[in-house]
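Q: Sending over protein.cif (mmCIF, C-alpha atoms).
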data_run
#
loop_
_atom_site.label_atom_id
_atom_site.label_comp_id
_atom_site.auth_asym_id
_atom_site.auth_seq_id
_atom_site.Cartn_x
_atom_site.Cartn_y
_atom_site.Cartn_z
CA MET P 275 -20.30 9.05 4.67
CA ALA P 276 -23.86 9.01 5.98
CA THR P 277 -24.35 12.77 6.04
CA PRO P 278 -23.11 15.32 3.51
CA ASP P 279 -20.13 17.21 4.88
CA SER P 280 -18.75 20.33 3.19
CA THR P 281 -15.21 19.38 4.16
CA ILE P 282 -15.39 16.13 2.20
CA PRO P 283 -14.43 16.40 -1.48
CA THR P 284 -17.40 15.92 -3.78
CA ARG P 285 -17.73 13.70 -6.81
CA ALA P 286 -17.52 16.83 -9.00
CA GLU P 287 -14.22 17.77 -7.37
CA PHE P 288 -12.87 14.29 -8.07
CA HIS P 289 -13.92 14.63 -11.71
CA ALA P 290 -12.27 18.05 -11.92
CA ALA P 291 -9.04 16.67 -10.44
CA ILE P 292 -9.06 13.77 -12.92
CA SER P 293 -9.57 16.13 -15.85
CA ALA P 294 -6.72 18.35 -14.72
CA ARG P 295 -4.18 15.82 -13.48
CA ALA P 296 -4.80 12.30 -14.79
CA ASP P 297 -1.87 12.60 -17.22
CA ARG P 298 0.56 13.58 -14.47
CA TRP P 299 -0.64 10.84 -12.13
CA PHE P 300 -0.27 8.32 -14.92
CA ALA P 301 3.21 9.59 -15.78
CA VAL P 302 4.54 9.14 -12.27
CA CYS P 303 2.95 5.70 -11.95
CA LEU P 304 4.47 4.71 -15.28
CA ARG P 305 7.91 5.93 -14.26
CA ILE P 306 7.69 3.84 -11.10
CA THR P 307 6.19 0.67 -12.56
CA ARG P 308 7.70 0.78 -16.08
CA SER P 309 4.48 -0.81 -17.36
CA PRO P 310 1.51 1.11 -18.80
CA GLU P 311 -0.87 -1.65 -17.62
CA LEU P 312 0.46 -1.63 -14.06
CA ALA P 313 0.50 2.17 -14.05
CA GLU P 314 -3.19 2.27 -14.92
CA ASP P 315 -3.95 -0.45 -12.35
CA ALA P 316 -2.15 1.61 -9.71
CA LEU P 317 -4.05 4.72 -10.70
CA GLN P 318 -7.44 2.96 -10.58
CA ASP P 319 -6.57 1.53 -7.14
CA ALA P 320 -5.44 4.96 -5.95
CA LEU P 321 -8.60 6.72 -7.10
CA LEU P 322 -10.86 4.15 -5.47
CA ALA P 323 -8.81 4.32 -2.25
CA ALA P 324 -9.00 8.13 -2.33
CA TRP P 325 -12.75 8.01 -2.87
CA ASP P 326 -13.24 5.52 -0.01
CA LYS P 327 -11.06 7.61 2.35
CA ARG P 328 -12.16 11.04 1.21
CA ASP P 329 -13.45 11.86 4.69
CA GLN P 330 -9.78 11.82 5.76
CA PHE P 331 -8.85 14.53 3.25
CA GLN P 332 -7.77 17.74 4.97
CA ARG P 333 -9.47 20.81 3.55
CA GLY P 334 -6.80 23.36 2.74
CA ALA P 335 -4.67 20.74 1.01
CA GLN P 336 -4.96 20.20 -2.74
CA LEU P 337 -7.14 17.26 -3.72
CA ASP P 338 -5.03 16.52 -6.81
CA THR P 339 -1.81 16.53 -4.75
CA TRP P 340 -3.40 14.20 -2.21
CA ILE P 341 -4.46 11.77 -4.94
CA HIS P 342 -1.03 12.10 -6.56
CA ARG P 343 0.62 10.92 -3.35
CA ILE P 344 -1.83 8.01 -3.03
CA ALA P 345 -1.08 7.07 -6.65
CA VAL P 346 2.68 7.06 -5.99
CA ASN P 347 2.15 4.77 -3.00
CA ALA P 348 -0.13 2.48 -5.02
CA ALA P 349 2.49 2.21 -7.77
CA LEU P 350 5.21 1.44 -5.21
CA GLN P 351 3.00 -1.25 -3.68
CA LEU P 352 2.53 -2.87 -7.07
CA VAL P 353 6.28 -2.86 -7.71
CA ARG P 354 6.90 -4.38 -4.29
CA ARG P 355 4.37 -7.12 -5.01
CA GLN P 356 6.06 -7.88 -8.32
CA ARG P 357 9.51 -8.03 -6.77
CA PRO P 358 9.24 -8.74 -3.06
CA GLY P 359 12.37 -7.98 -1.07
CA LEU P 360 13.71 -5.66 -3.75
CA PHE P 361 14.60 -2.95 -1.28
CA ALA P 362 15.31 -5.20 1.67
CA ASP P 363 19.09 -5.46 1.31
CA VAL P 364 21.28 -2.78 2.77
CA GLU P 365 23.83 -3.35 0.03
CA ILE P 366 22.02 -3.42 -3.27
CA ASP P 367 22.95 -6.24 -5.56
CA VAL P 368 23.27 -4.23 -8.74
CA ALA P 369 23.71 -7.30 -10.93
CA SER P 370 20.34 -8.73 -9.89
CA ASP P 371 18.62 -5.36 -10.10
CA THR P 372 19.22 -4.66 -13.77
CA PRO P 373 16.47 -4.24 -16.38
CA SER P 374 15.03 -7.41 -17.91
CA PRO P 375 15.18 -8.02 -21.70
CA GLU P 376 11.50 -6.95 -21.88
CA GLU P 377 12.32 -3.70 -20.12
CA ASP P 378 15.25 -3.16 -22.49
CA ARG P 379 12.93 -3.65 -25.45
CA TYR P 380 10.47 -1.14 -23.91
CA ALA P 381 13.36 1.32 -23.56
CA ASP P 382 14.25 0.83 -27.23
CA GLU P 383 10.65 1.60 -28.20
CA LEU P 384 10.79 4.86 -26.29
CA GLY P 385 13.86 6.00 -28.24
CA GLU P 386 16.34 8.49 -26.81
CA SER P 387 14.39 10.23 -24.09
CA LEU P 388 14.51 10.71 -20.36
CA ASP P 389 12.03 7.87 -19.99
CA SER P 390 14.17 5.48 -22.00
CA ALA P 391 17.16 6.48 -19.87
CA LEU P 392 15.06 5.86 -16.75
CA VAL P 393 14.01 2.42 -17.95
CA ARG P 394 17.66 1.49 -18.32
CA LEU P 395 18.35 2.25 -14.66
CA SER P 396 17.95 -0.53 -12.14
CA GLU P 397 14.60 -0.64 -10.35
CA THR P 398 16.02 0.77 -7.14
CA GLU P 399 17.98 3.52 -8.89
CA ARG P 400 14.97 4.56 -10.94
CA ILE P 401 12.54 4.64 -8.06
CA CYS P 402 14.95 6.57 -5.82
CA PHE P 403 15.58 9.07 -8.62
CA VAL P 404 11.89 9.51 -9.44
CA LEU P 405 10.91 9.97 -5.80
CA LYS P 406 13.77 12.34 -5.03
CA HIS P 407 14.25 14.33 -8.19
CA LEU P 408 10.81 14.40 -9.77
CA GLU P 409 8.61 13.96 -6.68
CA GLN P 410 10.92 15.84 -4.26
CA TRP P 411 10.60 13.44 -1.36
CA ARG P 412 13.13 13.66 1.49
CA LEU P 413 15.75 10.89 1.56
CA ASN P 414 14.44 9.58 4.88
CA GLU P 415 10.89 9.43 3.49
CA ILE P 416 12.12 7.35 0.57
CA ALA P 417 14.07 5.05 2.89
CA ASP P 418 10.99 4.62 5.11
CA GLU P 419 8.73 3.91 2.15
CA LEU P 420 11.12 1.40 0.58
CA GLY P 421 12.03 -0.24 3.86
CA GLY P 422 15.76 0.49 3.41
CA ASN P 423 18.08 3.00 4.99
CA VAL P 424 19.13 6.49 3.96
CA GLY P 425 22.62 5.32 2.96
CA THR P 426 21.19 2.80 0.50
CA VAL P 427 18.91 5.42 -1.00
CA LYS P 428 21.80 7.89 -1.36
CA GLN P 429 23.97 5.34 -3.14
CA ALA P 430 21.13 4.42 -5.52
CA LEU P 431 20.49 8.10 -6.19
CA PHE P 432 24.17 8.84 -6.86
CA ARG P 433 24.38 5.97 -9.35
CA ALA P 434 21.14 7.07 -11.04
CA VAL P 435 22.31 10.66 -11.47
CA ARG P 436 25.74 9.52 -12.72
CA LYS P 437 24.14 7.23 -15.32
CA LEU P 438 21.58 9.81 -16.41
CA ARG P 439 24.19 12.53 -16.78
CA GLY P 440 26.22 10.06 -18.83
CA ALA P 441 23.23 9.61 -21.13
CA MET P 442 22.60 13.35 -21.47
CA PRO P 443 24.60 13.98 -24.66
CA ALA P 444 22.40 11.42 -26.41
CA LEU P 445 19.28 12.97 -24.91
CA ALA P 446 20.40 16.43 -26.01
CA ARG P 447 21.10 15.19 -29.56
CA ALA P 448 17.67 13.53 -29.70
CA SER P 449 15.84 16.66 -28.54
CA SER P 450 17.71 19.07 -30.86
CA MET Q 13 34.77 17.77 -2.96
CA ASN Q 14 32.95 15.04 -4.87
CA ASP Q 15 29.76 15.32 -6.94
CA GLU Q 16 27.81 13.28 -4.38
CA ARG Q 17 28.29 15.98 -1.77
CA LEU Q 18 27.32 18.66 -4.29
CA LEU Q 19 24.25 16.63 -5.15
CA LEU Q 20 23.18 16.44 -1.50
CA TYR Q 21 23.77 20.19 -1.26
CA TYR Q 22 21.53 20.74 -4.29
CA TYR Q 23 18.81 18.59 -2.74
CA ASP Q 24 19.17 20.35 0.60
CA GLU Q 25 19.96 17.06 2.32
CA LEU Q 26 23.03 18.23 4.29
CA ASP Q 27 22.87 19.37 7.89
CA ALA Q 28 23.34 23.07 8.63
CA ALA Q 29 27.09 22.87 9.33
CA GLU Q 30 27.82 20.83 6.20
CA ARG Q 31 25.68 23.16 4.17
CA ARG Q 32 27.59 26.23 5.38
CA ASP Q 33 30.88 24.46 4.61
CA VAL Q 34 29.86 23.66 1.01
CA ALA Q 35 28.51 27.18 0.48
CA ALA Q 36 31.79 28.69 1.72
CA LYS Q 37 33.84 26.47 -0.60
CA LEU Q 38 31.64 27.30 -3.57
CA GLY Q 39 32.16 30.99 -2.79
CA ARG Q 40 35.93 30.82 -2.93
CA ASP Q 41 36.61 28.01 -5.45
CA GLU Q 42 35.67 29.02 -9.01
CA VAL Q 43 36.38 25.54 -10.47
CA LEU Q 44 34.13 23.93 -7.89
CA ALA Q 45 31.46 26.57 -8.54
CA ALA Q 46 31.60 25.81 -12.28
CA ARG Q 47 31.21 22.09 -11.56
CA TYR Q 48 28.20 22.86 -9.38
CA ARG Q 49 26.63 25.05 -12.08
CA ALA Q 50 27.02 22.20 -14.60
CA LEU Q 51 25.41 19.79 -12.16
CA VAL Q 52 22.49 22.15 -11.55
CA ALA Q 53 22.01 22.63 -15.30
CA ASP Q 54 21.97 18.87 -15.91
CA LEU Q 55 19.56 18.24 -13.06
CA GLY Q 56 17.33 21.03 -14.31
CA ALA Q 57 17.26 19.42 -17.75
CA LEU Q 58 16.40 16.07 -16.17
CA ARG Q 59 13.43 17.65 -14.41
CA GLU Q 60 11.97 18.77 -17.71
CA ALA Q 61 10.73 15.32 -18.51
CA PRO Q 62 8.73 15.08 -21.72
CA ALA Q 63 5.07 14.13 -21.44
CA VAL Q 64 4.52 10.39 -21.45
CA ARG Q 65 2.09 8.81 -23.89
CA VAL Q 66 -1.15 8.35 -21.99
CA PRO Q 67 -3.34 5.39 -23.05
CA ASP Q 68 -6.45 6.26 -25.06
CA GLY Q 69 -9.50 6.71 -22.90
CA LEU Q 70 -7.59 6.76 -19.62
CA ALA Q 71 -9.39 9.81 -18.23
CA ALA Q 72 -12.78 8.40 -19.25
CA ARG Q 73 -12.01 5.14 -17.44
CA LEU Q 74 -10.97 7.06 -14.32
CA HIS Q 75 -14.13 9.20 -14.41
CA ALA Q 76 -16.15 6.00 -14.77
CA ALA Q 77 -14.32 4.40 -11.81
CA VAL Q 78 -15.31 7.31 -9.55
CA ASP Q 79 -18.90 7.17 -10.81
CA ARG Q 80 -19.04 3.44 -10.15
CA ALA Q 81 -17.69 3.92 -6.63
CA ALA Q 82 -20.26 6.64 -5.96
CA THR Q 83 -23.12 4.53 -7.37
CA LEU Q 84 -21.98 1.57 -5.31
CA GLU Q 85 -21.90 3.69 -2.18
CA GLN Q 86 -25.44 4.98 -2.84
CA GLY Q 87 -26.63 1.41 -3.37
CA ARG Q 88 -25.09 0.38 -0.06
CA SER Q 89 -26.75 3.20 1.85
CA ARG Q 90 -30.12 2.36 0.22
CA GLY Q 91 -29.67 -1.25 1.31
CA LYS Q 92 -28.81 -0.21 4.86
CA ARG Q 93 -31.85 2.06 5.05
CA GLY Q 94 -34.10 -0.75 3.81
CA GLY Q 95 -32.74 -3.08 6.44
CA TRP Q 96 -32.79 -6.10 4.10
CA GLY Q 97 -29.10 -6.41 3.52
CA HIS Q 98 -27.74 -7.85 6.72
CA GLY Q 99 -28.83 -11.42 6.10
CA TYR Q 100 -27.51 -11.45 2.57
CA SER Q 101 -24.23 -9.74 3.49
CA PHE Q 102 -23.79 -12.15 6.35
CA PHE Q 103 -24.42 -15.06 4.01
CA LEU Q 104 -22.00 -13.73 1.42
CA GLY Q 105 -19.33 -12.87 3.98
CA ALA Q 106 -19.69 -16.29 5.57
CA ALA Q 107 -19.42 -17.98 2.19
CA VAL Q 108 -16.26 -16.12 1.34
CA THR Q 109 -14.79 -16.75 4.78
CA ALA Q 110 -15.58 -20.42 4.36
CA ALA Q 111 -13.94 -20.40 0.94
CA LEU Q 112 -10.77 -18.90 2.29
CA ALA Q 113 -10.76 -21.19 5.32
CA LEU Q 114 -11.28 -24.16 3.01
CA ALA Q 115 -8.44 -23.05 0.78
CA ILE Q 116 -6.06 -22.56 3.67
CA GLY Q 117 -7.22 -25.81 5.28
CA LEU Q 118 -6.60 -27.76 2.10
CA ALA Q 119 -3.21 -26.17 1.67
CA GLN Q 120 -2.30 -27.12 5.22
CA ARG Q 121 -3.48 -30.69 4.75
CA GLU Q 122 -1.00 -30.93 1.90
CA ASP Q 123 1.74 -29.63 4.15
CA PRO Q 124 1.62 -31.35 7.55
CA ALA Q 125 4.45 -29.21 8.82
CA ALA Q 126 2.50 -26.00 8.28
CA PRO Q 127 1.54 -24.09 11.45
CA PRO Q 128 -2.17 -23.90 12.43
CA SER Q 129 -4.31 -21.19 10.89
CA PRO Q 130 -4.11 -17.96 12.94
CA GLY Q 131 -7.66 -17.08 13.95
CA PRO Q 132 -10.73 -16.43 11.81
CA LEU Q 133 -10.21 -15.43 8.21
CA THR Q 134 -12.10 -12.78 6.32
CA ALA Q 135 -12.36 -11.89 2.66
CA ASP Q 136 -9.75 -9.20 2.94
CA ALA Q 137 -7.03 -9.04 0.32
CA ASP Q 138 -4.60 -7.81 2.94
CA SER Q 139 -5.08 -10.76 5.23
CA GLY Q 140 -6.25 -13.56 2.95
CA VAL Q 141 -4.31 -16.25 1.17
CA ASP Q 142 -0.58 -15.75 1.26
CA ALA Q 143 1.03 -14.65 -1.97
CA GLY Q 144 2.80 -17.53 -3.65
CA ASP Q 145 0.46 -20.27 -2.36
CA THR Q 146 -0.68 -21.07 -5.87
CA ALA Q 147 -2.89 -24.08 -5.15
CA ALA Q 148 -4.77 -22.43 -2.26
CA PHE Q 149 -5.22 -19.27 -4.30
CA ALA Q 150 -6.61 -21.18 -7.29
CA ARG Q 151 -9.09 -23.07 -5.08
CA THR Q 152 -10.18 -19.84 -3.40
CA MET Q 153 -10.86 -18.24 -6.75
CA GLN Q 154 -12.79 -21.30 -7.92
CA VAL Q 155 -15.08 -21.11 -4.89
CA PHE Q 156 -15.54 -17.38 -5.44
CA PHE Q 157 -16.46 -17.86 -9.10
CA ARG Q 158 -18.94 -20.63 -8.24
CA ASP Q 159 -20.57 -18.52 -5.50
CA SER Q 160 -20.77 -15.51 -7.79
CA ARG Q 161 -22.42 -17.58 -10.51
CA GLN Q 162 -24.98 -18.83 -8.01
CA ASP Q 163 -25.62 -15.35 -6.58
CA LEU Q 164 -26.20 -13.98 -10.08
CA ALA Q 165 -28.74 -16.70 -10.77
CA LEU Q 166 -30.58 -15.77 -7.55
CA LEU Q 167 -30.60 -12.04 -8.27
CA PRO Q 168 -34.10 -10.49 -7.88
CA ASP Q 169 -35.73 -8.94 -10.93
CA ALA Q 170 -35.06 -5.32 -11.85
CA GLY Q 171 -37.16 -2.94 -9.77
CA ASN Q 172 -36.77 -5.01 -6.61
CA GLY Q 173 -35.31 -2.79 -3.88
CA GLU Q 174 -32.83 -5.42 -2.75
CA ARG Q 175 -31.25 -5.83 -6.13
CA SER Q 176 -28.88 -2.84 -6.28
CA ALA Q 177 -27.56 -3.41 -2.77
CA MET Q 178 -27.03 -7.12 -3.50
CA ILE Q 179 -25.08 -6.19 -6.60
CA GLY Q 180 -23.21 -3.63 -4.49
CA ASP Q 181 -22.03 -6.44 -2.25
CA LEU Q 182 -21.05 -8.50 -5.27
CA ILE Q 183 -19.00 -5.60 -6.61
CA GLU Q 184 -17.28 -5.17 -3.28
CA GLN Q 185 -16.37 -8.86 -3.13
CA ASN Q 186 -15.23 -8.71 -6.74
CA ARG Q 187 -12.87 -5.87 -5.86
CA THR Q 188 -11.55 -7.75 -2.84
CA PHE Q 189 -10.75 -10.75 -5.00
CA ALA Q 190 -9.19 -8.52 -7.68
CA ARG Q 191 -6.81 -7.23 -4.99
CA LEU Q 192 -6.15 -10.78 -3.87
CA ALA Q 193 -5.31 -11.69 -7.48
CA VAL Q 194 -2.83 -8.82 -7.67
CA ARG Q 195 -1.24 -10.00 -4.42
CA ASN Q 196 -0.79 -13.41 -5.99
CA ASP Q 197 0.81 -11.99 -9.16
CA ALA Q 198 -2.27 -12.92 -11.21
CA ASP Q 199 -2.55 -9.54 -12.92
CA ASP Q 200 -4.51 -10.91 -15.90
CA LEU Q 201 -7.08 -12.43 -13.57
CA ALA Q 202 -7.31 -9.13 -11.67
CA ARG Q 203 -8.03 -7.35 -14.95
CA VAL Q 204 -10.77 -9.84 -15.83
CA LEU Q 205 -12.36 -9.24 -12.41
CA ARG Q 206 -12.16 -5.48 -12.87
CA ALA Q 207 -13.81 -5.86 -16.27
CA PHE Q 208 -16.80 -7.46 -14.50
CA GLU Q 209 -17.43 -4.31 -12.51
CA PRO Q 210 -18.98 -2.06 -15.20
CA ILE Q 211 -21.32 -4.94 -16.12
CA LEU Q 212 -22.37 -5.35 -12.49
CA VAL Q 213 -22.91 -1.60 -12.16
CA ARG Q 214 -25.13 -1.63 -15.23
CA LEU Q 215 -27.06 -4.56 -13.77
CA ALA Q 216 -27.78 -2.44 -10.69
CA ALA Q 217 -29.12 0.49 -12.72
CA ASP Q 218 -32.75 1.47 -12.16
CA ASP Q 219 -33.46 1.94 -15.88
CA ILE Q 220 -32.32 -1.50 -17.04
CA THR Q 221 -34.84 -3.55 -19.05
CA ALA Q 222 -35.54 -7.20 -18.28
CA GLU Q 223 -33.98 -8.18 -21.65
CA GLU Q 224 -30.79 -6.25 -21.03
CA SER Q 225 -30.56 -7.60 -17.51
CA GLU Q 226 -30.91 -11.17 -18.76
CA ALA Q 227 -28.32 -10.61 -21.48
CA LEU Q 228 -25.81 -9.16 -19.02
CA ARG Q 229 -26.43 -11.96 -16.54
CA ALA Q 230 -25.85 -14.52 -19.29
CA LYS Q 231 -22.66 -12.74 -20.34
CA LEU Q 232 -21.32 -12.73 -16.79
CA ALA Q 233 -22.29 -16.37 -16.25
CA PHE Q 234 -20.45 -17.27 -19.45
CA GLU Q 235 -17.31 -15.37 -18.36
CA LEU Q 236 -17.45 -17.00 -14.93
CA ASN Q 237 -17.71 -20.43 -16.55
CA VAL Q 238 -14.70 -19.66 -18.74
CA MET Q 239 -12.68 -18.59 -15.70
CA LEU Q 240 -13.79 -21.66 -13.73
CA THR Q 241 -12.83 -24.01 -16.56
CA LYS Q 242 -9.47 -22.32 -16.93
CA LEU Q 243 -8.75 -22.48 -13.21
CA THR Q 244 -9.88 -26.10 -12.96
CA ARG Q 245 -7.66 -27.09 -15.90
CA GLU Q 246 -4.66 -25.24 -14.45
CA ALA Q 247 -5.27 -26.76 -11.01
CA SER Q 248 -5.39 -30.30 -12.40
CA GLU Q 249 -2.26 -29.68 -14.49
CA PHE Q 250 -0.55 -28.34 -11.36
CA ALA Q 251 -1.70 -31.35 -9.30
CA GLY Q 252 -0.58 -33.71 -12.08
CA SER Q 253 2.88 -32.24 -12.24
CA THR Q 254 3.17 -32.31 -8.42
CA LYS Q 255 2.13 -36.00 -8.39
CA GLN Q 256 4.65 -36.79 -11.09
CA GLU Q 257 7.42 -35.04 -9.18
CA THR Q 258 6.49 -36.95 -6.01
CA SER Q 259 6.45 -40.33 -7.72
CA THR Q 260 9.83 -39.89 -9.43
#
Just give me the structure as structure tokens.
A:
Amino acid sequence: MATPDSTIPTRAEFHAAISARADRWFAVCLRITRSPELAEDALQDALLAAWDKRDQFQRGAQLDTWIHRIAVNAALQLVRRQRPGLFADVEIDVASDTPSPEEDRYADELGESLDSALVRLSETERICFVLKHLEQWRLNEIADELGGNVGTVKQALFRAVRKLRGAMPALARASS
Amino acid sequence: MNDERLLLYYYDELDAAERRDVAAKLGRDEVLAARYRALVADLGALREAPAVRVPDGLAARLHAAVDRAATLEQGRSRGKRGGWGHGYSFFLGAAVTAALALAIGLAQREDPAAPPSPGPLTADADSGVDAGDTAAFARTMQVFFRDSRQDLALLPDAGNGERSAMIGDLIEQNRTFARLAVRNDADDLARVLRAFEPILVRLAADDITAEESEALRAKLAFELNVMLTKLTREASEFAGSTKQETST
């Protein structure tokens, strides 16, 4: 970064992106990590990484979208650190991948909402659903990122959608 | 046709032939088409996720993080231009490398079966102490806290050109160790280290008075002492319990 370069995003552009998109970045990090503290940690890490690597940003792309993707990866990294090997098995052990009592309590606090339904999914189901349905990643991208295979991701996604659709009457009642 | 196949169709994750097959069936089977419409409606509703509650002051903290990174970068380039920084950076880097080597060495002495250390170590959270090696990690952090305390005591007075770049190096090391703490599941410790950063940035500011500088230095020294005491106590408790287990 020795010389100013018009293709490199400026500090003002970073500030503008934060003002416009911080809430969305936080939301996706929260949905991945299930913890507001970890979500903010991921977002701080992502912003600093984006700032340090801003010379790699391709002009023509959207800065906020680029940071969003870095934030998703940072949140996934934090989850992997918390639960190493989570995505390693081809056959997911559903029994060992269920929410903890703390996560259940967090879900109760959220009440009947999509986020409470998401918290009640297993970690793998939730992350596959968030990346596919809300972030619109391809199945093979998710498998690559999680270190699993496409079949595993599909099965997790199917279970997530089945469970969420099962919870929809309650969600509809809560929102009406 | 099951819902899974319809779901993959919705997500455009079928190959061209499968996709044509599903489309043809949907065109001629009204019951299937109704099932698909219900699925699409549900998935659409699931996409309309309500806004999550964002912590107070989040955006301000993110703005500040970018400002700190930019200030730090400016400090580094000033240091490079002045040409002073190499000796100090070398000293600091060597100290941290020594700390990590010491930590790994001690850990290996405790475990004679451990393989030899692979090459030189650097203060890089991605290649430092392995996650899960609690004793080595605790010793590494102790050395880092002691070195930081000493470096703060040696900091030149405000107005000295070397000061901001020296603090820049301290901030960089602080970040490295915060990442190392996260890797070792010490999230609380990582947060404490991150909380040091705004204080260090303020210490590097050109407009800081001697009184404020001294107060901030004292505050940091106090926090470092607290962390050192805590780590030392935890390390001795850990060693005590290990000894007890060995003797029983």
Q: Using all atoms listed in the file, find each residue in chain Q having at least one atom no more than 7 Å away from chain P; report its shortest atom-to-atom pair and that distance in Å (one decimal), rows by chain then rising number, as JSON lines.
A:
{"residue": "Q:Glu16", "atom": "CA", "partner": "P:Phe432", "partner_atom": "CA", "distance": 6.3}
{"residue": "Q:Asp54", "atom": "CA", "partner": "P:Arg439", "partner_atom": "CA", "distance": 6.8}
{"residue": "Q:Arg59", "atom": "CA", "partner": "P:Leu408", "partner_atom": "CA", "distance": 6.2}
{"residue": "Q:Ala61", "atom": "CA", "partner": "P:Leu388", "partner_atom": "CA", "distance": 6.2}
{"residue": "Q:Val64", "atom": "CA", "partner": "P:Ala301", "partner_atom": "CA", "distance": 5.9}
{"residue": "Q:Val66", "atom": "CA", "partner": "P:Asp297", "partner_atom": "CA", "distance": 6.4}
{"residue": "Q:Ala71", "atom": "CA", "partner": "P:Ala296", "partner_atom": "CA", "distance": 6.3}
{"residue": "Q:Leu74", "atom": "CA", "partner": "P:Gln318", "partner_atom": "CA", "distance": 6.6}
{"residue": "Q:His75", "atom": "CA", "partner": "P:His289", "partner_atom": "CA", "distance": 6.1}
{"residue": "Q:Val78", "atom": "CA", "partner": "P:Leu322", "partner_atom": "CA", "distance": 6.8}
{"residue": "Q:Ala81", "atom": "CA", "partner": "P:Leu322", "partner_atom": "CA", "distance": 6.9}
{"residue": "Q:Arg195", "atom": "CA", "partner": "P:Arg355", "partner_atom": "CA", "distance": 6.3}
{"residue": "Q:Asp197", "atom": "CA", "partner": "P:Gln356", "partner_atom": "CA", "distance": 6.7}
Q: What does the distance between CA of Val52 (chain Q) and CA of Leu20 (chain Q) come to in Å, to one decimal place?
A: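 If I compute the distance from CA of Val52 (chain Q) to CA of Leu20 (chain Q), I get 11.6 Å.
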Q: Might you pull out every residue within 12 Å of Asn237 (chain Q), with only C-alpha atoms counted and same-chain residues fewer than 5 positions away left off, and present them as a list in words?
A: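 Once the adjacent positions are removed, what remains is Gln154, Val155, Phe156, Phe157, Arg158, Asp159, Ser160, Arg161, Gln162, Ala230, Lys231, Leu232, Lys242, Leu243 and Thr244 of chain Q.
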Q: Expanded to explicit residues, what is the PyMOL selection byres ((chain Q and resi 215) around 9) for this file, as a PyMOL selection string?
A: chain Q and resi 170+175-176+179+210-214+216-218+220+224-225+228-229
Q: Quick one, how far is CA of Glu235 (chain Q) from CA of Leu201 (chain Q)?
A: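 Pair CA of Glu235 (chain Q) / CA of Leu201 (chain Q) returns 11.7 Å.
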Q: So how far away is CA of Leu167 (chain Q) from CA of Val238 (chain Q), in Å?
A: 20.5 Å
Q: Mind checking which residues fall within 8 Å of Ala434 (chain P), counting only C-alpha atoms, ignoring those fewer than 6 positions away in the same chain, and posting them as a VMD selection string?
A: chain P and resid 395 399 to 400 403
Q: Skip Arg203 (chain Q) itself and residues of its chain fewer than 5 positions away, then list as a PyMOL selection string all residues within 9 Å of it, counting all atoms listed in the file.
A: (chain P and resi 315) or (chain Q and resi 190+198+208)
Q: Which residues are close to Tyr48 (chain Q), i.e. within 12 Å by all atoms listed in the file, leaving aside same-chain residues fewer than 3 positions away? Reply as a list in words.
A: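 These residues fall inside the cut-off: Met13, Asn14, Asp15, Glu16, Arg17, Leu18, Leu19, Leu20, Tyr21, Tyr22, Val34, Ala35, Lys37, Leu38, Gly39, Asp41, Glu42, Val43, Leu44, Ala45, Leu51, Val52, Ala53, Asp54 and Leu55 of chain Q.
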Q: I need the residue nearest Arg191 (chain Q) from this list: P:Ile282, P:Ala345, P:Ala430, P:Ala316. Use only C-alpha atoms for the distance.
A: P:Ala316
Q: Please produce region 418-427 of chain P, completed to N, CA and C atoms, as a CSV table (one decimal), in the coordinates of the input.
A:
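Listing of out.csv after writing:
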chain,number,residue,atom,x,y,z
P,418,ASP,N,12.1,5.2,4.3
P,418,ASP,CA,11.0,4.6,5.1
P,418,ASP,C,10.0,3.9,4.2
P,419,GLU,N,9.7,4.5,3.1
P,419,GLU,CA,8.7,3.9,2.2
P,419,GLU,C,9.3,2.6,1.6
P,420,LEU,N,10.6,2.6,1.2
P,420,LEU,CA,11.1,1.4,0.6
P,420,LEU,C,11.6,0.4,1.6
P,421,GLY,N,11.6,0.7,2.8
P,421,GLY,CA,12.0,-0.2,3.9
P,421,GLY,C,13.5,-0.4,3.9
P,422,GLY,N,14.3,0.6,3.4
P,422,GLY,CA,15.8,0.5,3.4
P,422,GLY,C,16.3,1.5,4.4
P,423,ASN,N,17.6,1.9,4.2
P,423,ASN,CA,18.1,3.0,5.0
P,423,ASN,C,18.5,4.2,4.1
P,424,VAL,N,18.8,5.3,4.7
P,424,VAL,CA,19.1,6.5,4.0
P,424,VAL,C,20.4,6.3,3.1
P,425,GLY,N,21.4,5.6,3.7
P,425,GLY,CA,22.6,5.3,3.0
P,425,GLY,C,22.4,4.6,1.7
P,426,THR,N,21.5,3.6,1.7
P,426,THR,CA,21.2,2.8,0.5
P,426,THR,C,20.5,3.7,-0.5
P,427,VAL,N,19.6,4.5,-0.1
P,427,VAL,CA,18.9,5.4,-1.0
P,427,VAL,C,19.9,6.4,-1.6
